Every structure is written in structure tokens, then in C-alpha cells.
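protein-v7.cif, holding mmCIF, C-alpha atoms and all ligand atoms:
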data_start
loop_
_atom_site.group_PDB
_atom_site.id
_atom_site.type_symbol
_atom_site.label_atom_id
_atom_site.label_comp_id
_atom_site.auth_asym_id
_atom_site.auth_seq_id
_atom_site.Cartn_x
_atom_site.Cartn_y
_atom_site.Cartn_z
ATOM 1 C CA MET A 1 1.608 27.656 -11.979
ATOM 2 C CA LYS A 2 3.351 26.004 -9.042
ATOM 3 C CA ILE A 3 3.601 22.275 -8.303
ATOM 4 C CA LEU A 4 4.573 21.292 -4.773
ATOM 5 C CA VAL A 5 6.059 17.849 -4.123
ATOM 6 C CA ALA A 6 5.421 17.198 -0.425
ATOM 7 C CA THR A 7 6.901 13.876 0.634
ATOM 8 C CA GLU A 8 7.631 13.105 4.262
ATOM 9 C CA LYS A 9 9.266 9.944 2.866
ATOM 10 C CA PRO A 10 11.241 11.329 -0.099
ATOM 11 C CA PHE A 11 11.384 9.929 -3.612
ATOM 12 C CA ALA A 12 14.737 8.748 -4.993
ATOM 13 C CA LYS A 13 16.753 11.672 -6.368
ATOM 14 C CA VAL A 14 16.371 10.435 -9.980
ATOM 15 C CA ALA A 15 12.583 10.541 -9.588
ATOM 16 C CA VAL A 16 12.666 14.148 -8.367
ATOM 17 C CA GLU A 17 14.840 15.002 -11.375
ATOM 18 C CA GLY A 18 12.277 13.380 -13.667
ATOM 19 C CA ILE A 19 9.385 15.248 -12.040
ATOM 20 C CA SER A 20 11.349 18.463 -12.327
ATOM 21 C CA LYS A 21 11.883 17.879 -16.066
ATOM 22 C CA VAL A 22 8.158 17.287 -16.671
ATOM 23 C CA ALA A 23 7.317 20.462 -14.735
ATOM 24 C CA GLU A 24 9.920 22.472 -16.629
ATOM 25 C CA GLU A 25 8.688 21.245 -20.010
ATOM 26 C CA ALA A 26 5.140 22.175 -19.065
ATOM 27 C CA GLY A 27 6.313 25.634 -17.954
ATOM 28 C CA TYR A 28 5.541 25.171 -14.253
ATOM 29 C CA GLU A 29 7.528 26.067 -11.175
ATOM 30 C CA LEU A 30 8.460 23.152 -8.876
ATOM 31 C CA ALA A 31 8.792 23.345 -5.090
ATOM 32 C CA LEU A 32 10.036 20.523 -2.888
ATOM 33 C CA LEU A 33 9.140 19.794 0.733
ATOM 34 C CA GLU A 34 10.850 16.592 1.840
ATOM 35 C CA LYS A 35 11.248 14.862 5.224
ATOM 36 C CA TYR A 36 9.087 17.482 6.924
ATOM 37 C CA THR A 37 8.640 16.915 10.626
ATOM 38 C CA SER A 38 5.584 19.027 11.470
ATOM 39 C CA LYS A 39 2.205 19.574 9.875
ATOM 40 C CA GLN A 40 2.794 23.330 10.018
ATOM 41 C CA GLN A 41 5.600 22.972 7.459
ATOM 42 C CA LEU A 42 3.137 21.351 5.077
ATOM 43 C CA LEU A 43 0.461 23.981 5.809
ATOM 44 C CA ASP A 44 2.959 26.754 5.005
ATOM 45 C CA ALA A 45 4.255 25.059 1.871
ATOM 46 C CA VAL A 46 0.825 24.423 0.304
ATOM 47 C CA ALA A 47 -0.321 28.047 0.684
ATOM 48 C CA ASP A 48 0.588 29.080 -2.877
ATOM 49 C CA ALA A 49 0.630 25.686 -4.639
ATOM 50 C CA ASP A 50 -1.659 25.108 -7.627
ATOM 51 C CA ALA A 51 -0.910 21.390 -7.694
ATOM 52 C CA LEU A 52 0.340 18.957 -5.092
ATOM 53 C CA ILE A 53 2.145 15.624 -5.419
ATOM 54 C CA ILE A 54 2.156 13.445 -2.301
ATOM 55 C CA ARG A 55 2.801 9.880 -1.177
ATOM 56 C CA SER A 56 1.260 8.697 2.122
ATOM 57 C CA ASP A 57 1.219 12.323 3.295
ATOM 58 C CA ILE A 58 -2.044 13.318 4.962
ATOM 59 C CA VAL A 59 -4.168 15.765 3.018
ATOM 60 C CA ASP A 60 -7.065 16.563 5.320
ATOM 61 C CA LYS A 61 -9.466 19.510 5.643
ATOM 62 C CA GLU A 62 -6.850 21.618 7.427
ATOM 63 C CA VAL A 63 -4.335 21.141 4.619
ATOM 64 C CA LEU A 64 -7.001 21.865 1.997
ATOM 65 C CA ASP A 65 -8.101 25.007 3.900
ATOM 66 C CA ALA A 66 -4.490 26.221 3.872
ATOM 67 C CA ALA A 67 -4.032 25.424 0.169
ATOM 68 C CA LYS A 68 -5.928 28.423 -1.146
ATOM 69 C CA GLN A 69 -4.698 28.081 -4.779
ATOM 70 C CA LEU A 70 -4.880 24.290 -4.983
ATOM 71 C CA LYS A 71 -6.679 22.755 -7.954
ATOM 72 C CA ILE A 72 -5.319 19.207 -8.007
ATOM 73 C CA VAL A 73 -3.659 16.741 -5.628
ATOM 74 C CA VAL A 74 -2.080 13.569 -6.994
ATOM 75 C CA ARG A 75 -1.179 10.703 -4.717
ATOM 76 C CA ALA A 76 1.899 9.206 -6.409
ATOM 77 C CA GLY A 77 0.891 5.656 -5.624
ATOM 78 C CA ALA A 78 -2.117 3.410 -5.278
ATOM 79 C CA GLY A 79 -3.908 3.924 -1.948
ATOM 80 C CA TYR A 80 -5.595 7.287 -1.446
ATOM 81 C CA ASP A 81 -6.973 6.703 2.058
ATOM 82 C CA ASN A 82 -4.669 9.559 3.182
ATOM 83 C CA ILE A 83 -6.728 12.144 1.278
ATOM 84 C CA ASP A 84 -10.020 13.465 2.643
ATOM 85 C CA LEU A 85 -11.904 13.035 -0.620
ATOM 86 C CA GLU A 86 -15.097 14.766 0.532
ATOM 87 C CA ALA A 87 -13.139 17.792 1.702
ATOM 88 C CA ALA A 88 -11.241 17.832 -1.604
ATOM 89 C CA THR A 89 -14.528 17.885 -3.508
ATOM 90 C CA GLU A 90 -15.864 20.662 -1.250
ATOM 91 C CA HIS A 91 -12.699 22.672 -1.963
ATOM 92 C CA LYS A 92 -13.119 21.994 -5.711
ATOM 93 C CA VAL A 93 -9.821 20.129 -5.730
ATOM 94 C CA VAL A 94 -9.414 17.161 -8.073
ATOM 95 C CA ALA A 95 -7.824 14.146 -6.352
ATOM 96 C CA MET A 96 -6.047 11.457 -8.386
ATOM 97 C CA ASN A 97 -3.826 8.435 -7.830
ATOM 98 C CA THR A 98 -1.355 6.741 -10.186
ATOM 99 C CA PRO A 99 -2.581 3.130 -10.209
ATOM 100 C CA GLY A 100 -0.134 0.388 -11.140
ATOM 101 C CA GLN A 101 2.959 2.561 -11.135
ATOM 102 C CA ASN A 102 4.543 1.180 -7.962
ATOM 103 C CA SER A 103 2.881 -2.226 -7.834
ATOM 104 C CA ASN A 104 5.836 -4.362 -8.944
ATOM 105 C CA ALA A 105 7.973 -2.887 -6.164
ATOM 106 C CA VAL A 106 5.350 -3.724 -3.526
ATOM 107 C CA ALA A 107 4.877 -7.212 -4.989
ATOM 108 C CA GLU A 108 8.606 -7.947 -4.912
ATOM 109 C CA LEU A 109 8.718 -6.936 -1.253
ATOM 110 C CA ALA A 110 5.730 -9.190 -0.472
ATOM 111 C CA LEU A 111 7.618 -12.173 -1.917
ATOM 112 C CA GLY A 112 10.755 -11.093 -0.048
ATOM 113 C CA LEU A 113 8.795 -11.113 3.206
ATOM 114 C CA MET A 114 7.493 -14.597 2.380
ATOM 115 C CA VAL A 115 11.001 -15.994 1.841
ATOM 116 C CA TYR A 116 12.123 -14.289 5.069
ATOM 117 C CA ALA A 117 9.250 -15.908 6.984
ATOM 118 C CA VAL A 118 9.598 -19.459 5.636
ATOM 119 C CA ARG A 119 13.375 -19.329 6.253
ATOM 120 C CA ASN A 120 12.750 -18.472 9.906
ATOM 121 C CA PHE A 121 13.856 -14.856 9.591
ATOM 122 C CA TYR A 122 17.305 -15.967 8.413
ATOM 123 C CA ASN A 123 18.220 -17.342 11.826
ATOM 124 C CA GLY A 124 20.182 -20.264 10.391
ATOM 125 C CA THR A 125 17.672 -23.013 11.240
ATOM 126 C CA SER A 126 16.017 -25.273 8.677
ATOM 127 C CA GLY A 127 12.968 -23.669 7.085
ATOM 128 C CA THR A 128 10.669 -24.556 4.205
ATOM 129 C CA GLU A 129 10.406 -23.598 0.548
ATOM 130 C CA LEU A 130 7.729 -21.625 -1.261
ATOM 131 C CA LYS A 131 7.637 -24.132 -4.138
ATOM 132 C CA GLY A 132 4.566 -26.319 -3.966
ATOM 133 C CA LYS A 133 2.864 -24.159 -1.308
ATOM 134 C CA THR A 134 -0.479 -22.438 -1.853
ATOM 135 C CA LEU A 135 -0.513 -18.655 -1.844
ATOM 136 C CA GLY A 136 -3.822 -16.912 -1.196
ATOM 137 C CA ILE A 137 -4.002 -13.425 -2.679
ATOM 138 C CA HIS A 138 -6.531 -11.240 -0.900
ATOM 139 C CA ALA A 139 -7.626 -8.781 -3.609
ATOM 140 C CA PHE A 140 -6.532 -9.161 -7.206
ATOM 141 C CA GLY A 141 -5.644 -5.592 -8.157
ATOM 142 C CA ASN A 142 -2.392 -4.282 -9.603
ATOM 143 C CA VAL A 143 -0.244 -5.486 -6.700
ATOM 144 C CA GLY A 144 -2.089 -8.801 -6.323
ATOM 145 C CA ARG A 145 -1.517 -9.581 -10.015
ATOM 146 C CA ASN A 146 2.202 -8.900 -9.747
ATOM 147 C CA VAL A 147 2.435 -11.038 -6.627
ATOM 148 C CA ALA A 148 0.708 -13.864 -8.526
ATOM 149 C CA ARG A 149 3.137 -13.579 -11.452
ATOM 150 C CA ILE A 150 6.224 -13.683 -9.237
ATOM 151 C CA ALA A 151 4.845 -16.440 -6.977
ATOM 152 C CA GLN A 152 4.216 -18.608 -10.024
ATOM 153 C CA GLY A 153 7.916 -18.260 -10.819
ATOM 154 C CA PHE A 154 8.628 -19.702 -7.371
ATOM 155 C CA GLY A 155 6.437 -22.702 -8.264
ATOM 156 C CA MET A 156 3.600 -21.795 -5.896
ATOM 157 C CA LYS A 157 -0.044 -22.621 -6.494
ATOM 158 C CA VAL A 158 -1.858 -19.284 -6.523
ATOM 159 C CA ILE A 159 -5.473 -18.745 -5.521
ATOM 160 C CA ALA A 160 -7.212 -15.386 -5.062
ATOM 161 C CA TYR A 161 -10.315 -13.791 -3.628
ATOM 162 C CA ASP A 162 -11.614 -10.456 -4.849
ATOM 163 C CA ALA A 163 -15.314 -9.617 -4.683
ATOM 164 C CA TYR A 164 -14.836 -6.947 -7.376
ATOM 165 C CA CYS A 165 -12.760 -8.921 -9.894
ATOM 166 C CA PRO A 166 -14.292 -11.337 -12.419
ATOM 167 C CA ASP A 167 -13.118 -14.974 -12.264
ATOM 168 C CA GLU A 168 -11.956 -14.777 -15.891
ATOM 169 C CA ALA A 169 -9.300 -12.163 -15.051
ATOM 170 C CA MET A 170 -7.853 -14.573 -12.480
ATOM 171 C CA THR A 171 -8.015 -17.706 -14.602
ATOM 172 C CA ALA A 172 -6.390 -15.823 -17.522
ATOM 173 C CA ALA A 173 -3.458 -15.178 -15.173
ATOM 174 C CA GLY A 174 -3.282 -18.853 -14.153
ATOM 175 C CA VAL A 175 -4.825 -18.077 -10.756
ATOM 176 C CA GLU A 176 -7.639 -20.098 -9.203
ATOM 177 C CA PRO A 177 -10.519 -17.910 -8.035
ATOM 178 C CA VAL A 178 -12.189 -18.640 -4.689
ATOM 179 C CA HIS A 179 -15.437 -17.006 -3.671
ATOM 180 C CA SER A 180 -15.091 -15.989 -0.056
ATOM 181 C CA ALA A 181 -12.378 -14.726 2.247
ATOM 182 C CA GLU A 182 -13.014 -17.751 4.520
ATOM 183 C CA GLU A 183 -12.328 -20.149 1.643
ATOM 184 C CA LEU A 184 -9.128 -18.255 0.771
ATOM 185 C CA TYR A 185 -7.757 -18.350 4.323
ATOM 186 C CA LYS A 186 -8.749 -22.007 4.711
ATOM 187 C CA SER A 187 -6.999 -23.102 1.515
ATOM 188 C CA ALA A 188 -3.774 -21.074 1.654
ATOM 189 C CA ASP A 189 -0.455 -21.774 3.415
ATOM 190 C CA ILE A 190 0.381 -18.086 3.032
ATOM 191 C CA VAL A 191 -2.089 -15.200 2.615
ATOM 192 C CA SER A 192 -0.875 -11.926 1.102
ATOM 193 C CA LEU A 193 -3.042 -8.852 1.698
ATOM 194 C CA HIS A 194 -3.691 -6.404 -1.121
ATOM 195 C CA ILE A 195 -6.954 -4.779 -0.034
ATOM 196 C CA PRO A 196 -7.283 -1.000 0.294
ATOM 197 C CA ALA A 197 -8.218 0.612 3.634
ATOM 198 C CA THR A 198 -11.890 1.490 3.287
ATOM 199 C CA ALA A 199 -14.855 1.658 5.682
ATOM 200 C CA GLU A 200 -15.644 -1.885 4.564
ATOM 201 C CA THR A 201 -12.165 -3.386 5.031
ATOM 202 C CA LYS A 202 -10.908 -1.622 8.167
ATOM 203 C CA GLY A 203 -10.476 -4.174 10.968
ATOM 204 C CA SER A 204 -11.770 -6.927 8.672
ATOM 205 C CA ILE A 205 -8.752 -9.210 9.171
ATOM 206 C CA ASN A 206 -9.925 -10.481 12.523
ATOM 207 C CA TYR A 207 -9.775 -13.488 14.839
ATOM 208 C CA GLU A 208 -12.685 -15.267 13.178
ATOM 209 C CA LEU A 209 -11.178 -15.003 9.689
ATOM 210 C CA LEU A 210 -7.629 -15.916 10.756
ATOM 211 C CA GLN A 211 -8.928 -19.019 12.509
ATOM 212 C CA ASN A 212 -9.449 -20.534 9.077
ATOM 213 C CA MET A 213 -5.709 -20.629 8.373
ATOM 214 C CA PRO A 214 -4.009 -24.041 8.445
ATOM 215 C CA LYS A 215 -1.206 -24.974 10.836
ATOM 216 C CA GLY A 216 2.008 -23.100 10.045
ATOM 217 C CA GLY A 217 0.047 -20.337 8.306
ATOM 218 C CA ILE A 218 1.689 -17.037 7.422
ATOM 219 C CA LEU A 219 0.014 -13.661 6.897
ATOM 220 C CA VAL A 220 1.881 -11.083 4.795
ATOM 221 C CA ASN A 221 0.724 -7.476 4.940
ATOM 222 C CA THR A 222 2.055 -4.977 2.423
ATOM 223 C CA ALA A 223 -1.322 -3.213 2.224
ATOM 224 C CA ARG A 224 -2.452 -1.116 5.217
ATOM 225 C CA LYS A 225 -2.267 -1.582 8.991
ATOM 226 C CA GLU A 226 -5.875 -0.388 9.375
ATOM 227 C CA VAL A 227 -7.266 -3.526 7.712
ATOM 228 C CA ILE A 228 -5.992 -5.602 10.650
ATOM 229 C CA ASN A 229 -7.903 -5.904 13.909
ATOM 230 C CA GLU A 230 -4.704 -5.727 15.955
ATOM 231 C CA ASP A 231 -6.140 -6.834 19.292
ATOM 232 C CA GLU A 232 -7.650 -9.886 17.659
ATOM 233 C CA LEU A 233 -4.442 -10.648 15.728
ATOM 234 C CA ILE A 234 -2.575 -10.621 19.044
ATOM 235 C CA GLN A 235 -5.199 -12.874 20.620
ATOM 236 C CA PHE A 236 -4.968 -15.244 17.639
ATOM 237 C CA MET A 237 -1.153 -15.338 17.637
ATOM 238 C CA THR A 238 -1.117 -15.951 21.391
ATOM 239 C CA GLU A 239 -3.248 -19.070 20.900
ATOM 240 C CA ARG A 240 -1.751 -20.174 17.588
ATOM 241 C CA THR A 241 1.954 -20.430 18.310
ATOM 242 C CA ASP A 242 2.524 -21.914 14.840
ATOM 243 C CA PHE A 243 1.378 -18.723 13.063
ATOM 244 C CA LYS A 244 3.633 -15.988 11.619
ATOM 245 C CA TYR A 245 2.847 -12.373 10.755
ATOM 246 C CA VAL A 246 5.165 -10.331 8.515
ATOM 247 C CA THR A 247 4.279 -6.787 7.635
ATOM 248 C CA ASP A 248 5.529 -3.688 5.841
ATOM 249 C CA ILE A 249 3.273 -1.435 7.923
ATOM 250 C CA MET A 250 4.306 -1.236 11.541
ATOM 251 C CA PRO A 251 1.420 -2.129 13.866
ATOM 252 C CA ALA A 252 0.528 0.230 16.737
ATOM 253 C CA SER A 253 1.463 -2.656 19.068
ATOM 254 C CA ASP A 254 4.849 -3.298 17.446
ATOM 255 C CA LEU A 255 6.873 -3.432 20.695
ATOM 256 C CA LYS A 256 4.364 -5.688 22.415
ATOM 257 C CA MET A 257 4.276 -7.986 19.389
ATOM 258 C CA GLN A 258 8.085 -8.152 19.239
ATOM 259 C CA GLU A 259 8.096 -9.260 22.868
ATOM 260 C CA LEU A 260 5.242 -11.722 22.600
ATOM 261 C CA PHE A 261 5.977 -13.268 19.225
ATOM 262 C CA SER A 262 9.736 -13.313 18.897
ATOM 263 C CA GLY A 263 10.772 -15.434 15.905
ATOM 264 C CA ARG A 264 7.371 -15.272 14.197
ATOM 265 C CA TYR A 265 6.635 -11.585 13.857
ATOM 266 C CA PHE A 266 8.455 -9.014 11.748
ATOM 267 C CA SER A 267 7.744 -5.445 10.699
ATOM 268 C CA THR A 268 9.801 -3.115 8.540
ATOM 269 C CA PRO A 269 10.658 0.091 10.433
ATOM 270 C CA LYS A 270 8.984 2.257 7.770
ATOM 271 C CA LYS A 271 6.713 1.260 4.883
ATOM 272 C CA MET A 272 9.155 0.452 2.098
ATOM 273 C CA GLY A 273 7.152 -1.566 -0.443
ATOM 274 C CA ALA A 274 7.164 1.279 -2.966
ATOM 275 C CA GLN A 275 10.594 2.553 -1.928
ATOM 276 C CA THR A 276 12.543 1.757 -5.093
ATOM 277 C CA ALA A 277 14.045 4.102 -7.657
ATOM 278 C CA GLU A 278 11.900 2.477 -10.355
ATOM 279 C CA ALA A 279 8.612 2.849 -8.441
ATOM 280 C CA ASN A 280 9.488 6.435 -7.455
ATOM 281 C CA ILE A 281 10.270 7.315 -11.064
ATOM 282 C CA ASN A 282 7.131 5.611 -12.415
ATOM 283 C CA ALA A 283 4.709 7.034 -9.827
ATOM 284 C CA GLY A 284 6.345 10.466 -9.480
ATOM 285 C CA ILE A 285 6.582 11.161 -13.200
ATOM 286 C CA ALA A 286 3.070 9.794 -13.813
ATOM 287 C CA ALA A 287 1.796 12.213 -11.147
ATOM 288 C CA ALA A 288 3.557 15.175 -12.770
ATOM 289 C CA ARG A 289 2.279 14.193 -16.226
ATOM 290 C CA GLN A 290 -1.287 13.780 -14.931
ATOM 291 C CA ILE A 291 -1.116 17.294 -13.478
ATOM 292 C CA ALA A 292 0.185 18.804 -16.740
ATOM 293 C CA ASP A 293 -2.426 16.879 -18.706
ATOM 294 C CA TYR A 294 -5.219 18.019 -16.391
ATOM 295 C CA PHE A 295 -4.222 21.671 -16.706
ATOM 296 C CA LYS A 296 -3.703 21.495 -20.457
ATOM 297 C CA THR A 297 -6.545 19.198 -21.601
ATOM 298 C CA GLY A 298 -8.809 18.700 -18.564
ATOM 299 C CA ASN A 299 -8.062 14.943 -18.517
ATOM 300 C CA THR A 300 -9.566 13.422 -15.336
ATOM 301 C CA ARG A 301 -9.020 9.732 -16.127
ATOM 302 C CA PHE A 302 -7.442 8.965 -12.751
ATOM 303 C CA LYS A 303 -9.735 11.150 -10.646
ATOM 304 C CA VAL A 304 -10.837 9.387 -7.424
ATOM 305 C CA ASN A 305 -13.166 11.992 -5.872
ATOM 306 C CA LYS A 306 -16.580 13.198 -7.039
HETATM 307 C C1 LIG B 401 0.651 2.924 -2.151
HETATM 308 O O1 LIG B 401 -0.514 2.985 -1.715
HETATM 309 O O2 LIG B 401 0.959 3.338 -3.283
HETATM 310 C C2 LIG B 401 1.718 2.253 -1.321
HETATM 311 O O3 LIG B 401 1.245 1.914 -0.066
HETATM 312 C C3 LIG B 401 3.022 3.032 -1.239
HETATM 313 O O4 LIG B 401 2.937 4.124 -0.362
HETATM 314 P P1 LIG B 401 4.165 5.155 -0.182
HETATM 315 O O5 LIG B 401 4.213 6.016 -1.406
HETATM 316 O O6 LIG B 401 3.852 5.937 1.044
HETATM 317 O O7 LIG B 401 5.433 4.366 -0.039
#

Please go through the file and, once you have read it, give me the structure as C-alpha cells.
Amino acid sequence: MKILVATEKPFAKVAVEGISKVAEEAGYELALLEKYTSKQQLLDAVADADALIIRSDIVDKEVLDAAKQLKIVVRAGAGYDNIDLEAATEHKVVAMNTPGQNSNAVAELALGLMVYAVRNFYNGTSGTELKGKTLGIHAFGNVGRNVARIAQGFGMKVIAYDAYCPDEAMTAAGVEPVHSAEELYKSADIVSLHIPATAETKGSINYELLQNMPKGGILVNTARKEVINEDELIQFMTERTDFKYVTDIMPASDLKMQELFSGRYFSTPKKMGAQTAEANINAGIAAARQIADYFKTGNTRFKVNK
């Protein structure tokens, strides 16, 4: 049995060591493909893999066609929009994620981006504090909950909107539920995005929604770039010179936005929310354990395809 770890953006070394230990204990061979620069390298590497661990690496029909022995692919992380789930099902490949394992890391970065934005990107001028401000959490999943917990430590008022989460789960966490995205954007000084990229959410953060944000509003995106309607964000930011956008997922129009919105736009060069040793260890080892458990007991608890 061979497990391939294919990570264009590698895990921390300690995480790879942990994955390797789990594989060894289970009696499996481990192969590593890191920092690959062409799809062909991935296609070659998957040819004899029984199991695959990935991060944001694309697993589409072509990859699945090439992976003749593949039985399971685990996305070491939360979002699985990089896996063609229908194709996986057609190829009789089980797809899983490792929910919650990297969420604290992403949440800490979201707060870091907020501090960076309210302190004017550390340019030495007088900024504002997070204390006393209202934070709107768009989707109250694993990351959203961690963001709420940390923001409360900063003394922020936290409100959240999530069509799929009961109010009680929010109130139990000291978070005020609101019942529409419009209400969230209207009531928050800062909105932090934690929605997955789905057919329903893609392009949903648009001009009309952003218009609800109060003067001096800040949008923080540690989720996915696809949820933003970029053209409309640019239109909105052109009109609303008080508005800031900080993101961990570089927009397609990054250069244009740097030029147009200097001092109120920032993107990390490469998505780094989950790029911590702790998150890599948690998500990577969980992925390896889920694979061993699936092969040994048939456990499909974290399966995301049909
Ligand atoms: C996730 O969905 O788990 C995060 O976006 C992290 O993605 P990454 O593993 O590519 O850093």
C-alpha cells in the first residue's frame, strides 16, 4: 500500500515526519512530491498511489484518470473545492477532508490581518483599535468560531451570519446571530469571510452586498478568492475610498488593486492561513490516520463525496 503526499505548498518538516510515522506504523510505504512545478509531475507520481494526501492541490478528472490504483484522497484541510468530487465518485475514490484541524491557524491570521488594517498597514500613522468594534463573521464554521473566540479576547462585539448554523450555537459562544448577509454587512465595522467556495457562494460578495458596509469598513478574506466578485469589489473600492480589503488569497487583479488602492489593500503573496507547524501537524497526521482507518476499518466519517 502506497500513500503519496503531494503538496505544491509543502507541510512543515515535523508534519511530514509525523505522517511518515503513521504510515510506517500502519505498514504503508510513503512517497513525497513537494513544490512540484508542473501537472505532469503530479500525474506521474499518482500512477501507483493507493492513497493521496493533498492541500490545495488540484485533483481533477485528469489526475484521477492517471491514478489507476487510487482508493482514497484526503484533503489535509477544510475546503475541498480543489477536488472534482463527481469524478472521484465515478472513479470509486473516496474523498475526505480533515475539518477543524487547521482552523485556529487561519483564525489567528484573520485577526492579524485585522490589526494590520486598522493600524494602517504599519505605516506609522495613527490608526484605531479593535476593542469596542463590531466584527461580522460570515459563516460560523470551525474557522468562524475560532475567529469569534479570539476577537472576544480583543474586546470586540461579535455578530455572525450562517444560514446553516442554529442561533443557539452562536449564542452559546457569546456571538449575536443575525439573519441575513445584508444585516451582517450593515452592522459590522469589519467583516471576516469564512464561507466555502460553492456554486452558491462564488461571486456572492458583490457590489450590492458591500454597499451595506458602514464608513471605514474593512473586509477580511481568509476563505477563497472565488467568493469575491472582483470586478464589483474594484468598482466598490473606487467609489468608497474609506474602505479597506485585506486578503490571504491573492486576487486575479492584484497588481491593478495595488496601484488603485495603495494604503487600503493588502494580499499575502501565497495563501498562508494554514501555514503553521501546528496546523500542518494536525491536518497532515489526521489525513494519514483517516487513510489508515479507512483501509483497516472502512471508516468514512469524513467522506465528502457520494
Ligand atoms: C483550507 O481549506 O484548509 C485552507 O484554505 C488551507 O489551505 P492550504 O492547505 O492550501 O494552506

If the PyMOL selection byres (((chain A and resi 272) around 10) and not hetatm) is run on the structure shown, which residues does it catch, given as an NGL selection string? :A and (9 or 105-106 or 109 or 222 or 248-249 or 268-271 or 273-276)

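Of the residues listed (A:Asp242, A:Glu176, A:Glu183, A:Glu29), A:Glu29 shows the shortest atom-to-atom separation from Asp48 in chain A; distances use only C-alpha atoms.
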
Edge lengths and centre in Å to one decimal, as AutoDock Vina command-line options, is what I'm after for the box along x, y and z that holds all listed atoms of ligand LIG 401 (chain B) once 8 Å is added on each side.
--center_x 2.5 --center_y 4.0 --center_z -1.1 --size_x 21.9 --size_y 20.1 --size_z 20.3

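Using all atoms listed in the file, the nearest neighbour of ligand LIG 401 (chain B) within the list A:Leu32, A:Ala160, A:Ile137, A:Ile83 is A:Ile83.
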
Run the PyMOL selection byres (((chain A and resi 55) around 12) and not hetatm) mentally over the shown coordinates, then write out the matched residues as a tab-separated table (two decimals) with C-alpha atoms, in the coordinates of the input, using the chain letters and numbers from the document.
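Once everything was written out, this is expr.tsv:
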chain	number	residue	atom	x	y	z
A	5	VAL	CA	6.06	17.85	-4.12
A	6	ALA	CA	5.42	17.20	-0.42
A	7	THR	CA	6.90	13.88	0.63
A	8	GLU	CA	7.63	13.10	4.26
A	9	LYS	CA	9.27	9.94	2.87
A	10	PRO	CA	11.24	11.33	-0.10
A	11	PHE	CA	11.38	9.93	-3.61
A	33	LEU	CA	9.14	19.79	0.73
A	34	GLU	CA	10.85	16.59	1.84
A	35	LYS	CA	11.25	14.86	5.22
A	52	LEU	CA	0.34	18.96	-5.09
A	53	ILE	CA	2.14	15.62	-5.42
A	54	ILE	CA	2.16	13.44	-2.30
A	56	SER	CA	1.26	8.70	2.12
A	57	ASP	CA	1.22	12.32	3.30
A	58	ILE	CA	-2.04	13.32	4.96
A	59	VAL	CA	-4.17	15.76	3.02
A	73	VAL	CA	-3.66	16.74	-5.63
A	74	VAL	CA	-2.08	13.57	-6.99
A	75	ARG	CA	-1.18	10.70	-4.72
A	76	ALA	CA	1.90	9.21	-6.41
A	77	GLY	CA	0.89	5.66	-5.62
A	78	ALA	CA	-2.12	3.41	-5.28
A	79	GLY	CA	-3.91	3.92	-1.95
A	80	TYR	CA	-5.60	7.29	-1.45
A	81	ASP	CA	-6.97	6.70	2.06
A	82	ASN	CA	-4.67	9.56	3.18
A	83	ILE	CA	-6.73	12.14	1.28
A	96	MET	CA	-6.05	11.46	-8.39
A	97	ASN	CA	-3.83	8.44	-7.83
A	98	THR	CA	-1.36	6.74	-10.19
A	102	ASN	CA	4.54	1.18	-7.96
A	271	LYS	CA	6.71	1.26	4.88
A	272	MET	CA	9.15	0.45	2.10
A	274	ALA	CA	7.16	1.28	-2.97
A	275	GLN	CA	10.59	2.55	-1.93
A	279	ALA	CA	8.61	2.85	-8.44
A	280	ASN	CA	9.49	6.44	-7.46
A	283	ALA	CA	4.71	7.03	-9.83
A	284	GLY	CA	6.34	10.47	-9.48
A	287	ALA	CA	1.80	12.21	-11.15

For CA of Thr134 in chain A and CA of Val158 in chain A, the interatomic separation in Å (one decimal): 5.8 Å
